[in-house]
Amino acid sequence: MTEAAALPGQPRGGVLSGPATARAVNVLAPNASAMTLDGTNTWIVSEPDSDLAVVIDPGPLDDVHLKAVIATAERAGKRIAQTLLTHGHPDHAEGATRFARLTRTPVRALDPALRLGDEGLAAGDVVTTGGLELRVVPTPGHTGDSLSFHLPADRAVLTGDTILGRGTTLVAHPDGRLGDYLDSLRRLRSLAVDDGVHTVLPGHGPVLEDAQGAVEFYLAHRANRLAQVETAVENGHRTAPEVVAQVYAAVDRSLWPAAELSVRAQLEYLREHGLI
């Protein structure tokens, strides 16, 4: 879910649907909204010479979309072998049970309640299918169960809602925790700096080809928002709605309820660190 539709200085994106890297193809779900941007990106990932594929985030419960994902894989000569979830929000995971029935595949996630099959996912796991290698990277913050998937062969990372192709991510109190989110961004920065990751395959919005630039943008944006919230509190705006009215005045009011959840997460972070 996005906090803002567009921000100045944000890295520009590329592909919205179709092939994004040698191993990743996006099928865009028809659920565009202020919170989901162009819709949910459902990713089909496979080795070019393999007939097996992994699907990441089947998306909403929409049979037309789910069958389009299967048809896209079949046109490429691929059979879907398993389904992975970046997190449990409905725009990413609501269709998972139906998709599992259509494909007769297990669903793997960090949250046991979302799993269908014997295997879950945990930090440090390596998912291998038909020669494909995906490394599970814990990236909590947007939600407590958020994961990213490092695709080393393409120097790419699939980030779910942790980094979006446009705008910034909502850290929604109480499940979302800002301290965890900042740690997750630093973890993704390490992938860019130490492991050569340059491509971000997000859960919403276009592909980004400057992973480190995207992370640095997000970190700078969070630091700026925290400073704004801290200043608002110092000026006597103590409640979350009051802070929203000050800090998010330029944001469409339809997004203020979501912004209030983000502000609650920011206030919690500032209190925990003794800054307010």
# chains A, B, ... in the order shown; residues from 1 in each chain; ligands from 1
>>> residues_around(residues="Leu191 of chain A", least_positions_apart="3", cutoff="10 Å", atoms="only C-alpha atoms", output="list in words")
Val137, His150, Pro152, Arg155, Ala156, Val157, Leu185, Arg186, Arg187, Leu188, Asp194, Asp195, Gly196, Val197, His198, Ala211 and Gln212 of chain A
>>> residues_around(residues="Gly160 of chain A", least_positions_apart="4", cutoff="10 Å", atoms="only C-alpha atoms", output="list in words")
Met1, Thr40, Asn41, Thr42, Ile56, Asp57, Leu85, Thr86, His87, His92, Thr139, His142, Ser146, Leu147, Ser148, Phe149, Leu164, Val200, Leu201, Pro202, Gly203 and His204 of chain A
>>> residues_around(residues="Leu52 of chain A", least_positions_apart="5", cutoff="10 Å", atoms="only C-alpha atoms", output="ChimeraX atom specification")
/A:45-47,73,77-82,129-132
>>> write_last_selection(atoms="N, CA, C and O atoms", output="CSV table (one decimal), in the first residue's frame")
chain,number,residue,atom,x,y,z
A,45,VAL,N,8.3,-16.1,-11.9
A,45,VAL,CA,9.8,-16.1,-11.9
A,45,VAL,C,10.3,-17.5,-12.2
A,45,VAL,O,9.8,-18.5,-11.6
A,46,SER,N,11.2,-17.6,-13.2
A,46,SER,CA,11.7,-18.9,-13.6
A,46,SER,C,13.0,-18.8,-14.3
A,46,SER,O,13.3,-17.7,-14.8
A,47,GLU,N,13.8,-19.9,-14.4
A,47,GLU,CA,15.0,-20.0,-15.2
A,47,GLU,C,14.5,-20.0,-16.7
A,47,GLU,O,13.5,-20.7,-17.0
A,73,ALA,N,2.0,-18.0,-17.9
A,73,ALA,CA,3.0,-19.0,-17.6
A,73,ALA,C,3.0,-20.1,-18.7
A,73,ALA,O,4.0,-20.5,-19.2
A,77,GLY,N,5.6,-21.8,-21.8
A,77,GLY,CA,6.0,-23.2,-21.6
A,77,GLY,C,6.3,-23.6,-20.2
A,77,GLY,O,7.1,-24.5,-19.9
A,78,LYS,N,5.7,-22.8,-19.2
A,78,LYS,CA,6.0,-23.0,-17.8
A,78,LYS,C,4.8,-23.6,-17.0
A,78,LYS,O,3.7,-23.3,-17.3
A,79,ARG,N,5.2,-24.5,-16.1
A,79,ARG,CA,4.2,-25.0,-15.1
A,79,ARG,C,4.5,-24.4,-13.8
A,79,ARG,O,5.6,-24.4,-13.3
A,80,ILE,N,3.5,-23.8,-13.1
A,80,ILE,CA,3.7,-23.2,-11.8
A,80,ILE,C,3.8,-24.3,-10.8
A,80,ILE,O,3.0,-25.1,-10.6
A,81,ALA,N,5.0,-24.2,-10.0
A,81,ALA,CA,5.3,-25.2,-9.1
A,81,ALA,C,5.0,-24.9,-7.6
A,81,ALA,O,4.7,-25.7,-6.8
A,82,GLN,N,5.1,-23.6,-7.3
A,82,GLN,CA,4.7,-23.1,-6.0
A,82,GLN,C,4.4,-21.6,-6.0
A,82,GLN,O,4.8,-20.9,-6.9
A,129,THR,N,13.7,-23.9,-7.5
A,129,THR,CA,12.7,-24.6,-8.3
A,129,THR,C,13.2,-24.5,-9.8
A,129,THR,O,13.5,-23.4,-10.3
A,130,GLY,N,13.4,-25.7,-10.3
A,130,GLY,CA,13.9,-25.8,-11.7
A,130,GLY,C,15.2,-25.0,-12.0
A,130,GLY,O,15.3,-24.4,-13.0
A,131,GLY,N,16.1,-25.0,-11.0
A,131,GLY,CA,17.3,-24.3,-11.1
A,131,GLY,C,17.3,-22.9,-10.7
A,131,GLY,O,18.3,-22.2,-10.5
A,132,LEU,N,16.1,-22.4,-10.5
A,132,LEU,CA,15.9,-21.0,-10.0
A,132,LEU,C,16.3,-20.9,-8.5
A,132,LEU,O,16.0,-21.8,-7.7
>>> select_by_dssp(residues="segment 16-203 of chain A", states="strand (DSSP E)", output="JSON, numbers by chain")
{"A": [18, 19, 24, 25, 26, 27, 28, 41, 42, 43, 44, 45, 52, 53, 54, 55, 56, 79, 80, 81, 82, 83, 84, 107, 108, 126, 127, 128, 129, 132, 133, 134, 135, 136, 137, 138, 147, 148, 149, 150, 151, 156, 157, 158, 159, 160, 168, 169, 199, 200, 201, 202]}
>>> residues_around(residues="His237 of chain A", least_positions_apart="5", cutoff="12 Å", atoms="only C-alpha atoms", output="PDB file with N, CA, C and O atoms, in the first residue's frame")
ATOM      1  N   GLN A 228       9.332  16.241  10.549  1.00  0.00           N
ATOM      2  CA  GLN A 228       8.092  17.020  10.478  1.00  0.00           C
ATOM      3  C   GLN A 228       7.140  16.668  11.617  1.00  0.00           C
ATOM      4  O   GLN A 228       6.512  17.555  12.215  1.00  0.00           O
ATOM      5  N   VAL A 229       7.028  15.377  11.919  1.00  0.00           N
ATOM      6  CA  VAL A 229       6.154  14.950  13.009  1.00  0.00           C
ATOM      7  C   VAL A 229       6.688  15.470  14.342  1.00  0.00           C
ATOM      8  O   VAL A 229       5.918  15.971  15.188  1.00  0.00           O
ATOM      9  N   GLU A 230       7.983  15.372  14.535  1.00  0.00           N
ATOM     10  CA  GLU A 230       8.587  15.866  15.778  1.00  0.00           C
ATOM     11  C   GLU A 230       8.328  17.358  15.945  1.00  0.00           C
ATOM     12  O   GLU A 230       7.973  17.831  17.038  1.00  0.00           O
ATOM     13  N   THR A 231       8.482  18.116  14.862  1.00  0.00           N
ATOM     14  CA  THR A 231       8.232  19.559  14.919  1.00  0.00           C
ATOM     15  C   THR A 231       6.774  19.852  15.225  1.00  0.00           C
ATOM     16  O   THR A 231       6.449  20.745  16.023  1.00  0.00           O
ATOM     17  N   ALA A 232       5.871  19.091  14.614  1.00  0.00           N
ATOM     18  CA  ALA A 232       4.439  19.285  14.865  1.00  0.00           C
ATOM     19  C   ALA A 232       4.112  19.070  16.342  1.00  0.00           C
ATOM     20  O   ALA A 232       3.338  19.835  16.939  1.00  0.00           O
ATOM     21  N   GLU A 242      -4.258  15.589  14.698  1.00  0.00           N
ATOM     22  CA  GLU A 242      -3.697  16.939  14.632  1.00  0.00           C
ATOM     23  C   GLU A 242      -2.395  16.944  13.835  1.00  0.00           C
ATOM     24  O   GLU A 242      -2.146  17.852  13.033  1.00  0.00           O
ATOM     25  N   VAL A 243      -1.559  15.937  14.063  1.00  0.00           N
ATOM     26  CA  VAL A 243      -0.281  15.857  13.343  1.00  0.00           C
ATOM     27  C   VAL A 243      -0.527  15.637  11.856  1.00  0.00           C
ATOM     28  O   VAL A 243       0.138  16.239  11.003  1.00  0.00           O
ATOM     29  N   VAL A 244      -1.479  14.776  11.522  1.00  0.00           N
ATOM     30  CA  VAL A 244      -1.799  14.532  10.112  1.00  0.00           C
ATOM     31  C   VAL A 244      -2.187  15.834   9.416  1.00  0.00           C
ATOM     32  O   VAL A 244      -1.726  16.127   8.303  1.00  0.00           O
ATOM     33  N   ALA A 245      -3.030  16.620  10.051  1.00  0.00           N
ATOM     34  CA  ALA A 245      -3.489  17.872   9.450  1.00  0.00           C
ATOM     35  C   ALA A 245      -2.335  18.830   9.177  1.00  0.00           C
ATOM     36  O   ALA A 245      -2.384  19.620   8.224  1.00  0.00           O
ATOM     37  N   GLN A 246      -1.286  18.744   9.994  1.00  0.00           N
ATOM     38  CA  GLN A 246      -0.118  19.605   9.805  1.00  0.00           C
ATOM     39  C   GLN A 246       0.855  19.031   8.775  1.00  0.00           C
ATOM     40  O   GLN A 246       1.269  19.710   7.842  1.00  0.00           O
ATOM     41  N   VAL A 247       1.199  17.754   8.931  1.00  0.00           N
ATOM     42  CA  VAL A 247       2.284  17.161   8.144  1.00  0.00           C
ATOM     43  C   VAL A 247       1.813  16.723   6.760  1.00  0.00           C
ATOM     44  O   VAL A 247       2.561  16.799   5.786  1.00  0.00           O
ATOM     45  N   VAL A 263       1.274   8.024  10.986  1.00  0.00           N
ATOM     46  CA  VAL A 263       1.671   8.968  12.039  1.00  0.00           C
ATOM     47  C   VAL A 263       1.729   8.267  13.392  1.00  0.00           C
ATOM     48  O   VAL A 263       2.639   8.517  14.194  1.00  0.00           O
ATOM     49  N   LEU A 267       4.881   8.365  15.765  1.00  0.00           N
ATOM     50  CA  LEU A 267       4.833   8.834  17.154  1.00  0.00           C
ATOM     51  C   LEU A 267       5.366   7.762  18.100  1.00  0.00           C
ATOM     52  O   LEU A 267       6.119   8.064  19.044  1.00  0.00           O
ATOM     53  N   ILE A 276      10.313  12.591  21.809  1.00  0.00           N
ATOM     54  CA  ILE A 276       9.162  13.446  22.146  1.00  0.00           C
ATOM     55  C   ILE A 276       8.664  13.049  23.524  1.00  0.00           C
ATOM     56  O   ILE A 276       8.980  11.966  24.021  1.00  0.00           O
TER      57      ILE A 276
END
>>> atom_distance(atom1="atom CA of Pro60 of chain A", atom2="atom CA of Leu219 of chain A")
29.3 Å
